[in-house]
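Asker: File upload-v3.pdb below, PDB, C-alpha atoms and all ligand atoms:
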```pdb
ATOM      1  CA  MET A  27     -44.380  13.572-175.322
ATOM      2  CA  ALA A  28     -42.081  10.660-176.027
ATOM      3  CA  PRO A  29     -43.700   7.518-177.402
ATOM      4  CA  ARG A  30     -44.799   5.122-174.771
ATOM      5  CA  THR A  31     -42.882   1.889-174.462
ATOM      6  CA  PRO A  32     -45.016  -0.865-175.937
ATOM      7  CA  PHE A  33     -46.174  -3.558-173.588
ATOM      8  CA  PHE A  34     -47.882  -6.841-174.094
ATOM      9  CA  ARG A  35     -51.102  -8.042-172.621
ATOM     10  CA  LYS A  36     -50.401 -10.873-170.279
ATOM     11  CA  PRO A  37     -52.512 -13.765-169.007
ATOM     12  CA  PHE A  38     -52.329 -12.024-165.677
ATOM     13  CA  ALA A  39     -55.002 -13.851-163.685
ATOM     14  CA  ALA A  40     -53.752 -17.285-164.661
ATOM     15  CA  LEU A  41     -50.143 -16.367-163.925
ATOM     16  CA  THR A  42     -51.080 -14.870-160.594
ATOM     17  CA  VAL A  43     -53.072 -17.864-159.403
ATOM     18  CA  ALA A  44     -50.390 -20.275-160.558
ATOM     19  CA  ALA A  45     -47.680 -18.318-158.787
ATOM     20  CA  ALA A  46     -49.764 -18.054-155.625
ATOM     21  CA  LEU A  47     -50.237 -21.806-155.625
ATOM     22  CA  ALA A  48     -46.534 -22.399-156.136
ATOM     23  CA  ALA A  49     -45.215 -19.942-153.591
ATOM     24  CA  PRO A  50     -47.566 -18.475-150.981
ATOM     25  CA  LEU A  51     -46.173 -15.162-149.760
ATOM     26  CA  PRO A  52     -45.664 -14.349-146.107
ATOM     27  CA  ALA A  53     -47.799 -11.695-144.484
ATOM     28  CA  LEU A  54     -46.453  -8.141-144.544
ATOM     29  CA  ALA A  55     -44.579  -8.865-147.743
ATOM     30  CA  ILE A  56     -44.997  -5.379-149.223
ATOM     31  CA  GLY A  57     -43.305  -4.908-152.575
ATOM     32  CA  SER A  58     -42.891  -2.861-155.716
ATOM     33  CA  ILE A  59     -43.822  -2.867-159.391
ATOM     34  CA  THR A  60     -41.706  -1.432-162.196
ATOM     35  CA  ASP A  61     -42.097  -0.568-165.881
ATOM     36  CA  GLY A  62     -39.023   0.858-167.605
ATOM     37  CA  ASP A  63     -37.621   3.588-165.340
ATOM     38  CA  VAL A  64     -40.776   3.979-163.268
ATOM     39  CA  THR A  65     -41.481   2.250-159.942
ATOM     40  CA  PHE A  66     -44.445   2.263-157.597
ATOM     41  CA  ALA A  67     -43.641   0.693-154.225
ATOM     42  CA  TYR A  68     -45.235  -0.007-150.898
ATOM     43  CA  THR A  69     -42.510   0.854-148.421
ATOM     44  CA  GLN A  70     -44.114   0.142-145.061
ATOM     45  CA  SER A  71     -46.233  -2.480-143.314
ATOM     46  CA  PHE A  72     -49.865  -2.629-144.360
ATOM     47  CA  ALA A  73     -50.855  -2.494-140.693
ATOM     48  CA  SER A  74     -52.190   0.978-141.343
ATOM     49  CA  SER A  75     -53.865   2.641-138.432
ATOM     50  CA  LEU A  76     -54.069   5.657-136.191
ATOM     51  CA  GLY A  77     -53.595   8.431-138.673
ATOM     52  CA  ASN A  78     -50.530   7.015-140.403
ATOM     53  CA  THR A  79     -51.620   5.050-143.435
ATOM     54  CA  VAL A  80     -49.639   3.138-146.033
ATOM     55  CA  ASN A  81     -46.422   4.709-147.312
ATOM     56  CA  VAL A  82     -45.639   4.496-151.007
ATOM     57  CA  ASP A  83     -42.891   5.656-153.352
ATOM     58  CA  PHE A  84     -43.634   6.703-156.939
ATOM     59  CA  THR A  85     -40.236   7.252-158.549
ATOM     60  CA  GLY A  86     -38.551   7.482-161.929
ATOM     61  CA  ALA A  87     -41.126   9.878-163.365
ATOM     62  CA  GLY A  88     -39.589  13.146-162.258
ATOM     63  CA  PRO A  89     -36.707  14.344-160.112
ATOM     64  CA  ALA A  90     -37.978  12.868-156.837
ATOM     65  CA  ASP A  91     -40.436  10.504-155.200
ATOM     66  CA  MET A  92     -43.761  12.311-155.623
ATOM     67  CA  ALA A  93     -46.082  10.286-153.392
ATOM     68  CA  TYR A  94     -45.977   9.953-149.633
ATOM     69  CA  GLU A  95     -49.027   7.763-148.938
ATOM     70  CA  SER A  96     -51.836   6.154-150.939
ATOM     71  CA  TRP A  97     -54.410   3.748-149.564
ATOM     72  CA  TRP A  98     -58.001   2.543-149.603
ATOM     73  CA  PHE A  99     -60.727   2.708-146.952
ATOM     74  CA  TYR A 100     -64.315   1.472-146.709
ATOM     75  CA  ARG A 101     -67.361   2.071-144.545
ATOM     76  CA  VAL A 102     -70.143  -0.467-144.423
ATOM     77  CA  SER A 103     -73.570   1.180-144.365
ATOM     78  CA  GLY A 104     -74.601   1.762-140.770
ATOM     79  CA  GLY A 105     -71.049   1.282-139.553
ATOM     80  CA  PRO A 106     -69.556   3.692-137.035
ATOM     81  CA  ARG A 107     -66.503   4.847-139.054
ATOM     82  CA  GLU A 108     -64.302   4.529-142.105
ATOM     83  CA  VAL A 109     -61.867   1.583-141.933
ATOM     84  CA  ALA A 110     -58.510   1.197-143.677
ATOM     85  CA  PHE A 111     -57.868  -2.106-145.420
ATOM     86  CA  GLY A 112     -55.347  -3.987-143.272
ATOM     87  CA  ASN A 113     -52.784  -6.652-144.081
ATOM     88  CA  PRO A 114     -53.717  -8.467-147.308
ATOM     89  CA  ASP A 115     -54.209 -12.234-147.194
ATOM     90  CA  ALA A 116     -52.225 -12.534-150.403
ATOM     91  CA  GLU A 117     -49.812 -10.227-152.245
ATOM     92  CA  LEU A 118     -48.166 -10.707-155.599
ATOM     93  CA  TYR A 119     -45.806  -8.321-157.415
ATOM     94  CA  THR A 120     -44.894  -9.377-160.940
ATOM     95  CA  GLY A 121     -43.197  -6.876-163.237
ATOM     96  CA  SER A 122     -45.486  -3.897-163.685
ATOM     97  CA  LEU A 123     -48.491  -5.544-161.985
ATOM     98  CA  ALA A 124     -49.506  -6.230-158.405
ATOM     99  CA  THR A 125     -52.470  -7.939-156.786
ATOM    100  CA  LEU A 126     -53.408  -7.640-153.119
ATOM    101  CA  ASP A 127     -56.281  -9.726-151.811
ATOM    102  CA  TRP A 128     -58.474  -9.658-148.724
ATOM    103  CA  ALA A 129     -60.757 -12.658-148.263
ATOM    104  CA  ASP A 130     -62.860 -11.171-145.470
ATOM    105  CA  PRO A 131     -61.824  -7.658-144.397
ATOM    106  CA  THR A 132     -64.650  -7.219-141.889
ATOM    107  CA  GLY A 133     -64.338 -10.696-140.373
ATOM    108  CA  THR A 134     -68.074 -11.145-140.876
ATOM    109  CA  GLY A 135     -68.103 -12.810-144.286
ATOM    110  CA  SER A 136     -69.812  -9.830-145.890
ATOM    111  CA  PHE A 137     -67.339  -9.095-148.699
ATOM    112  CA  GLY A 138     -63.966  -9.826-150.235
ATOM    113  CA  ALA A 139     -61.683  -7.319-151.945
ATOM    114  CA  THR A 140     -58.911  -7.357-154.536
ATOM    115  CA  LEU A 141     -56.629  -4.394-155.231
ATOM    116  CA  ARG A 142     -54.822  -4.499-158.553
ATOM    117  CA  LEU A 143     -52.114  -2.048-159.571
ATOM    118  CA  GLU A 144     -50.289  -1.327-162.787
ATOM    119  CA  VAL A 145     -47.371   1.079-163.244
ATOM    120  CA  ILE A 146     -46.655   2.370-166.750
ATOM    121  CA  ASP A 147     -43.530   4.117-168.047
ATOM    122  CA  SER A 148     -45.278   6.589-170.334
ATOM    123  CA  GLY A 149     -42.223   8.472-171.595
ATOM    124  CA  VAL A 150     -38.929  10.034-170.515
ATOM    125  CA  GLY A 151     -39.434  11.312-166.965
ATOM    126  CA  MET A 152     -43.119  10.355-167.093
ATOM    127  CA  GLY A 153     -45.152   7.652-165.388
ATOM    128  CA  ASN A 154     -48.688   6.531-164.623
ATOM    129  CA  VAL A 155     -50.258   4.232-162.048
ATOM    130  CA  PHE A 156     -53.667   2.575-162.260
ATOM    131  CA  GLN A 157     -55.269   1.168-159.125
ATOM    132  CA  SER A 158     -58.498  -0.829-159.150
ATOM    133  CA  LEU A 159     -60.244  -2.112-156.062
ATOM    134  CA  THR A 160     -62.866  -4.790-156.662
ATOM    135  CA  ILE A 161     -65.387  -5.523-153.925
ATOM    136  CA  VAL A 162     -67.282  -8.826-154.100
ATOM    137  CA  ASN A 163     -70.352  -9.327-151.938
ATOM    138  CA  THR A 164     -69.678 -12.775-150.457
ATOM    139  CA  GLY A 165     -72.619 -12.618-148.064
ATOM    140  CA  LEU A 166     -76.153 -13.869-148.460
ATOM    141  CA  SER A 167     -77.857 -10.479-148.584
ATOM    142  CA  ALA A 168     -77.396  -7.086-150.211
ATOM    143  CA  LEU A 169     -74.455  -5.011-149.018
ATOM    144  CA  THR A 170     -74.194  -1.217-149.108
ATOM    145  CA  LEU A 171     -70.865   0.452-148.527
ATOM    146  CA  ASP A 172     -68.780   3.547-149.237
ATOM    147  CA  VAL A 173     -65.282   3.283-150.710
ATOM    148  CA  PHE A 174     -62.533   5.895-150.278
ATOM    149  CA  HIS A 175     -59.132   6.290-151.971
ATOM    150  CA  TYR A 176     -56.777   8.596-150.074
ATOM    151  CA  SER A 177     -53.502   9.926-151.503
ATOM    152  CA  ASP A 178     -50.793  12.256-150.226
ATOM    153  CA  PHE A 179     -48.706  13.686-153.073
ATOM    154  CA  ASP A 180     -45.517  15.665-152.363
ATOM    155  CA  LEU A 181     -44.372  17.174-155.647
ATOM    156  CA  GLY A 182     -41.017  18.753-156.365
ATOM    157  CA  GLY A 183     -39.280  16.879-153.562
ATOM    158  CA  SER A 184     -41.108  18.825-150.860
ATOM    159  CA  ALA A 185     -44.283  18.406-148.829
ATOM    160  CA  GLY A 186     -45.030  22.097-149.114
ATOM    161  CA  ASN A 187     -45.689  24.408-152.048
ATOM    162  CA  ASP A 188     -48.128  22.099-153.862
ATOM    163  CA  LEU A 189     -51.043  23.587-155.793
ATOM    164  CA  ALA A 190     -54.182  21.739-156.941
ATOM    165  CA  SER A 191     -57.274  22.455-159.004
ATOM    166  CA  LEU A 192     -60.412  20.667-160.151
ATOM    167  CA  VAL A 193     -60.488  19.703-163.844
ATOM    168  CA  ALA A 194     -63.582  18.762-165.844
ATOM    169  CA  ASN A 195     -63.493  15.112-166.870
ATOM    170  CA  THR A 196     -66.325  13.055-168.369
ATOM    171  CA  TYR A 197     -65.226   9.885-166.621
ATOM    172  CA  GLY A 198     -64.874  11.034-163.053
ATOM    173  CA  ILE A 199     -63.329  13.557-160.721
ATOM    174  CA  GLN A 200     -59.947  14.860-161.926
ATOM    175  CA  ILE A 201     -57.587  16.888-159.753
ATOM    176  CA  ASP A 202     -54.397  18.387-161.194
ATOM    177  CA  VAL A 203     -51.539  18.913-158.741
ATOM    178  CA  SER A 204     -48.367  20.917-159.366
ATOM    179  CA  ASP A 205     -45.236  22.331-157.752
ATOM    180  CA  ALA A 206     -43.321  24.669-160.078
ATOM    181  CA  THR A 207     -42.598  22.561-163.200
ATOM    182  CA  GLN A 208     -43.703  19.258-161.637
ATOM    183  CA  THR A 209     -47.242  18.109-162.444
ATOM    184  CA  ALA A 210     -49.447  15.236-161.341
ATOM    185  CA  PRO A 211     -53.055  14.658-162.388
ATOM    186  CA  MET A 212     -55.238  12.149-160.531
ATOM    187  CA  ILE A 213     -58.713  10.809-161.321
ATOM    188  CA  GLY A 214     -61.306   8.769-159.464
ATOM    189  CA  TYR A 215     -63.379   7.118-162.193
ATOM    190  CA  GLY A 216     -67.074   7.289-161.328
ATOM    191  CA  ALA A 217     -66.351   8.799-157.912
ATOM    192  CA  ASP A 218     -69.134  11.056-156.674
ATOM    193  CA  ALA A 219     -67.256  13.046-154.027
ATOM    194  CA  PHE A 220     -63.805  14.371-153.213
ATOM    195  CA  GLN A 221     -62.044  16.437-150.601
ATOM    196  CA  VAL A 222     -58.675  18.153-150.681
ATOM    197  CA  ASP A 223     -56.969  19.321-147.534
ATOM    198  CA  ARG A 224     -53.787  19.232-145.532
ATOM    199  CA  TYR A 225     -53.139  15.678-144.400
ATOM    200  CA  ALA A 226     -53.714  16.418-140.742
ATOM    201  CA  GLN A 227     -57.387  17.114-141.464
ATOM    202  CA  LEU A 228     -58.273  14.630-144.207
ATOM    203  CA  LEU A 229     -56.391  11.621-142.865
ATOM    204  CA  ARG A 230     -57.803  12.300-139.418
ATOM    205  CA  ASP A 231     -61.342  12.182-140.838
ATOM    206  CA  LEU A 232     -60.692   8.789-142.454
ATOM    207  CA  THR A 233     -58.969   7.252-139.413
ATOM    208  CA  ASP A 234     -60.964   8.619-136.492
ATOM    209  CA  GLY A 235     -63.873   6.894-134.792
ATOM    210  CA  ASN A 236     -66.800   8.583-136.492
ATOM    211  CA  VAL A 237     -68.558   8.800-139.847
ATOM    212  CA  ASP A 238     -67.183  11.327-142.334
ATOM    213  CA  ASP A 239     -68.270  11.959-145.911
ATOM    214  CA  LEU A 240     -66.107  13.954-148.293
ATOM    215  CA  ASP A 241     -67.636  17.364-148.844
ATOM    216  CA  GLY A 242     -66.229  18.569-152.160
ATOM    217  CA  SER A 243     -64.165  21.264-150.478
ATOM    218  CA  GLY A 244     -60.554  22.322-150.795
ATOM    219  CA  LEU A 245     -60.081  23.327-154.436
ATOM    220  CA  PRO A 246     -58.345  25.347-155.623
ATOM    221  CA  PHE A 247     -55.665  24.376-153.091
ATOM    222  CA  GLY A 248     -52.349  25.710-151.954
ATOM    223  CA  PRO A 249     -49.561  26.362-151.920
ATOM    224  CA  ASN A 250     -49.448  23.835-149.069
ATOM    225  CA  ASP A 251     -49.001  20.123-148.187
ATOM    226  CA  PHE A 252     -51.548  18.482-150.530
ATOM    227  CA  THR A 253     -53.661  15.431-149.810
ATOM    228  CA  ALA A 254     -56.847  14.305-151.546
ATOM    229  CA  ALA A 255     -59.441  11.574-151.348
ATOM    230  CA  PHE A 256     -62.145  10.244-153.641
ATOM    231  CA  GLN A 257     -65.398   8.681-152.413
ATOM    232  CA  TRP A 258     -67.857   6.317-154.063
ATOM    233  CA  SER A 259     -70.978   6.697-151.937
ATOM    234  CA  SER A 260     -73.647   4.182-150.906
ATOM    235  CA  VAL A 261     -72.805   1.487-153.454
ATOM    236  CA  THR A 262     -75.202  -1.453-153.122
ATOM    237  CA  LEU A 263     -74.169  -4.938-154.222
ATOM    238  CA  GLY A 264     -76.570  -7.859-154.290
ATOM    239  CA  ALA A 265     -75.382 -11.218-152.994
ATOM    240  CA  GLY A 266     -72.579 -12.407-155.260
ATOM    241  CA  GLU A 267     -72.306  -9.097-157.103
ATOM    242  CA  SER A 268     -69.098  -7.107-157.485
ATOM    243  CA  ARG A 269     -68.026  -3.567-158.338
ATOM    244  CA  MET A 270     -64.671  -2.178-159.412
ATOM    245  CA  PHE A 271     -63.409   1.220-158.215
ATOM    246  CA  LEU A 272     -60.672   2.628-160.451
ATOM    247  CA  THR A 273     -58.189   5.477-160.054
ATOM    248  CA  GLN A 274     -55.189   6.710-162.027
ATOM    249  CA  PHE A 275     -52.235   8.964-161.214
ATOM    250  CA  GLY A 276     -49.848  10.626-163.637
ATOM    251  CA  SER A 277     -46.410  11.901-162.674
ATOM    252  CA  ASN A 278     -45.279  14.582-165.118
ATOM    253  CA  ALA A 279     -47.563  12.773-167.565
ATOM    254  CA  PRO A 280     -51.133  13.337-168.720
ATOM    255  CA  LEU A 281     -53.726  10.785-167.699
ATOM    256  CA  LEU A 282     -53.790   7.809-170.060
ATOM    257  CA  ASP A 283     -56.926   6.388-171.605
ATOM    258  CA  ARG A 284     -58.374   3.870-169.223
ATOM    259  CA  SER A 285     -58.216   1.174-171.909
ATOM    260  CA  VAL A 286     -54.395   1.333-171.884
ATOM    261  CA  SER A 287     -54.273  -0.549-168.578
ATOM    262  CA  VAL A 288     -54.100  -4.340-168.642
ATOM    263  CA  ILE A 289     -55.892  -4.523-165.304
ATOM    264  CA  PRO A 290     -58.617  -7.028-166.040
ATOM    265  CA  GLU A 291     -62.244  -6.232-166.454
ATOM    266  CA  PRO A 292     -64.419  -6.921-163.412
ATOM    267  CA  GLY A 293     -65.460 -10.368-164.626
ATOM    268  CA  THR A 294     -61.867 -11.585-164.539
ATOM    269  CA  ALA A 295     -61.198  -9.825-161.274
ATOM    270  CA  ILE A 296     -64.090 -11.649-159.616
ATOM    271  CA  LEU A 297     -62.724 -15.018-160.640
ATOM    272  CA  MET A 298     -59.324 -13.919-159.397
ATOM    273  CA  ALA A 299     -60.703 -12.789-156.046
ATOM    274  CA  LEU A 300     -62.709 -15.955-155.569
ATOM    275  CA  GLY A 301     -59.674 -18.073-156.433
ATOM    276  CA  LEU A 302     -57.521 -16.332-153.867
ATOM    277  CA  MET A 303     -60.293 -16.542-151.298
ATOM    278  CA  LEU A 304     -60.331 -20.289-151.747
ATOM    279  CA  LEU A 305     -56.557 -20.313-151.275
ATOM    280  CA  ALA A 306     -56.887 -18.227-148.150
ATOM    281  CA  THR A 307     -59.532 -20.519-146.621
ATOM    282  CA  PRO A 308     -58.064 -23.222-144.396
ATOM    283  CA  PRO A 309     -59.128 -26.746-145.365
ATOM    284  CA  GLN A 310     -61.991 -28.061-143.311
ATOM    285  CA  THR A 311     -60.556 -31.556-143.099
ATOM    286  CA  ARG A 312     -57.000 -32.805-143.151
ATOM    287  CA  SER A 313     -55.897 -36.086-144.644
ATOM    288  CA  VAL A 314     -53.651 -38.242-142.474
TER
HETATM  289 CA    CA B   1     -42.933   8.211-150.765
HETATM  290 CA    CA B   2     -44.053  20.189-152.973
HETATM  291 CA    CA B   3     -64.173   9.294-139.663
HETATM  292 CA    CA B   4     -48.581  16.140-149.430
END
```
Take the structure from the file and write it as structure tokens.
Answerer:
Amino acid sequence: MAPRTPFFRKPFAALTVAAALAAPLPALAIGSITDGDVTFAYTQSFASSLGNTVNVDFTGAGPADMAYESWWFYRVSGGPREVAFGNPDAELYTGSLATLDWADPTGTGSFGATLRLEVIDSGVGMGNVFQSLTIVNTGLSALTLDVFHYSDFDLGGSAGNDLASLVANTYGIQIDVSDATQTAPMIGYGADAFQVDRYAQLLRDLTDGNVDDLDGSGLPFGPNDFTAAFQWSSVTLGAGESRMFLTQFGSNAPLLDRSVSVIPEPGTAILMALGLMLLATPPQTRSV
């Protein structure tokens, strides 16, 4: 393994808020983040729906783009179905870091969400991506919800021929994916359920009109067109409380220690989310 390119911790939250104040981004911005040779990009509108969720590219860490789609879903307790996060209210892509913010995904004032991403060039032909979704209960009462992270990997430049297996990991659910010499581990930190299947089944479950819980099935998998999802089940947040849901991918790289990521701890993320929510809230009065 080649030594990882050093990086420097950045005052990310302050930079992000300052930049958002200076230059609000249009809706549907999409964008990419890069570290060294490695890029993680959103390549399609965030208006995810109807069984075709958000397209991504994860390139520079192997011979081909190894990810087709990767996105987050939630289901509020008692709700009729899983729901994909839609267009963010704010998006910022700065170097190797991105922040996407939703002030009020349900339109009911129950919670806000911030998705933070970091891409890391971890060696020649190797790369890693951290994603953390922070949910903040902005309502006046306790909130219980389920969170899902869905990903469609296509290793070796092909949708088919991918293999996957479950790997013991103290910190969460780890799934190792491969196609010939190409490898890609993924982990859902603290996730309590997973499912692996062909996309037509798993993505349908997350985008159809009923309640689905991941059932731990599908491993070992393949050779076939791999998709996987992690679930954090029945998470209850008191009024004002938050929780961070973290995942990591490697592309031809082992998983990195979680502490390597500069993605802020939840306390910082909350301040960040609240700051962007204030930005996203129209002023109640207008000076003349
Ligand atoms: Ca892709
Ligand atoms: Ca393949
Ligand atoms: Ca469903
Ligand atoms: Ca696939």
Asker: Between CA of Trp97 in chain A and CA of Val109 in chain A, what distance in Å does the model show, to one decimal?
Answerer: 10.9 Å
Asker: For ligand CA 2 (chain B), collect every residue having any atom at a distance of at most 7 Å from a ligand atom (counting all atoms listed in the file); output as a PyMOL selection string.
Answerer: chain A and resi 180-188+205+251
Asker: Taking the file as shown, what set of residues would the PyMOL selection byres (((not hetatm)) within 8 of (chain B and resi 1)) give back, as a list in words?
Answerer: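 After applying the PyMOL selection byres (((not hetatm)) within 8 of (chain B and resi 1)), what remains is Thr69, Asn81, Val82, Asp83, Phe84, Asp91, Met92, Ala93, Tyr94 and Glu95 of chain A.
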Asker: From the list A:Asn195, A:Gln200, A:Thr209, A:Ser122, which residue is nearest Phe66 in chain A when using only C-alpha atoms?
Answerer: A:Ser122
Asker: As a check of understanding, name the residues that the PyMOL selection byres (((chain A and resi 129-143) around 6) and not hetatm) selects in the supplied structure, as a PyMOL selection string.
Answerer: chain A and resi 123-128+144+156-165+299+303
Asker: Produce a table with one row for each residue of range 166-190 of chain A that has an atom at most 12 Å from any atom of range 234-242 of chain A, each row naming the nearest atom pair and its distance in Å at one decimal; use all atoms listed in the file; arrange rows by chain and rising residue number; format as CSV.
Answerer:
```
residue,atom,partner,partner_atom,distance
A:Asp172,CA,A:Asp239,CA,9.1
A:Val173,CA,A:Asp239,CA,10.4
A:Phe174,CA,A:Leu240,CA,9.0
A:His175,CA,A:Leu240,CA,11.0
A:Tyr176,CA,A:Leu240,CA,10.9
```
Asker: Might you spell out which residues the PyMOL selection byres (((chain A and resi 210-214) around 6) and not hetatm) would select in the displayed file, as a list in words?
Answerer: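 On this input, the PyMOL selection byres (((chain A and resi 210-214) around 6) and not hetatm) captures Gly198, Ile199, Gln200, Ile201, Asp202, Val203, Thr209, Tyr215, Ala217, Thr273, Gln274, Phe275, Gly276, Ser277 and Asn278 of chain A.
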Asker: Mind working out the centre and edge lengths of an axis-aligned box for range 100-113 of chain A, all listed atoms inside, 4 Å added to each side, rounded to one decimal in Å and written as AutoDock Vina command-line options?
Answerer:
```
--center_x -63.7 --center_y -0.9 --center_z -141.9 --size_x 29.8 --size_y 19.5 --size_z 17.7
```
Asker: To one decimal place in Å, what is the distance between CA of Ser103 in chain A and CA of Leu245 in chain A?
Answerer: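 Spanning CA of Ser103 in chain A to CA of Leu245 in chain A is a straight-line distance of 27.8 Å.
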Asker: Counting all atoms listed in the file, which residue out of A:Val64, A:Ala219, A:Ile59, A:Leu229 sits closest to ligand CA 3 (chain B)?
Answerer: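 Of A:Val64, A:Ala219, A:Ile59, A:Leu229, the one nearest ligand CA 3 (chain B) is A:Leu229, counting all atoms listed in the file.
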Asker: Please check which residues have atoms at most 6 Å from (-50.6, 20.5, -146.6) in the file's coordinates, counting only C-alpha atoms, and write them as an NGL selection string.
Answerer: :A and (224-225 or 250-252)
Asker: Under the rule that all atoms listed in the file are counted, which of A:Phe247, A:Tyr100, A:Tyr119, A:Phe256 is the nearest residue to Ser177 in chain A?
Answerer: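 When distances to Ser177 in chain A are compared using all atoms listed in the file, the smallest one comes from A:Phe256.
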Asker: Between CA of Gly244 in chain A and CA of Val155 in chain A, what is the distance, to one decimal in Å?
Answerer: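 Between CA of Gly244 in chain A and CA of Val155 in chain A the gap is 23.7 Å.
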Asker: Which of these, A:Ala73, A:Ala206, A:Ala55, A:Leu232, has the shortest distance to ligand CA 3 (chain B) once you count all atoms listed in the file?
Answerer: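 Checking each candidate against ligand CA 3 (chain B), we get A:Leu232 as the closest.
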Asker: Out of A:Gly216, A:Pro89, A:Gly248, A:Gly57, which residue has the shortest atom-to-atom distance to ligand CA 4 (chain B) when counting only C-alpha atoms and all ligand atoms?
Answerer: A:Gly248
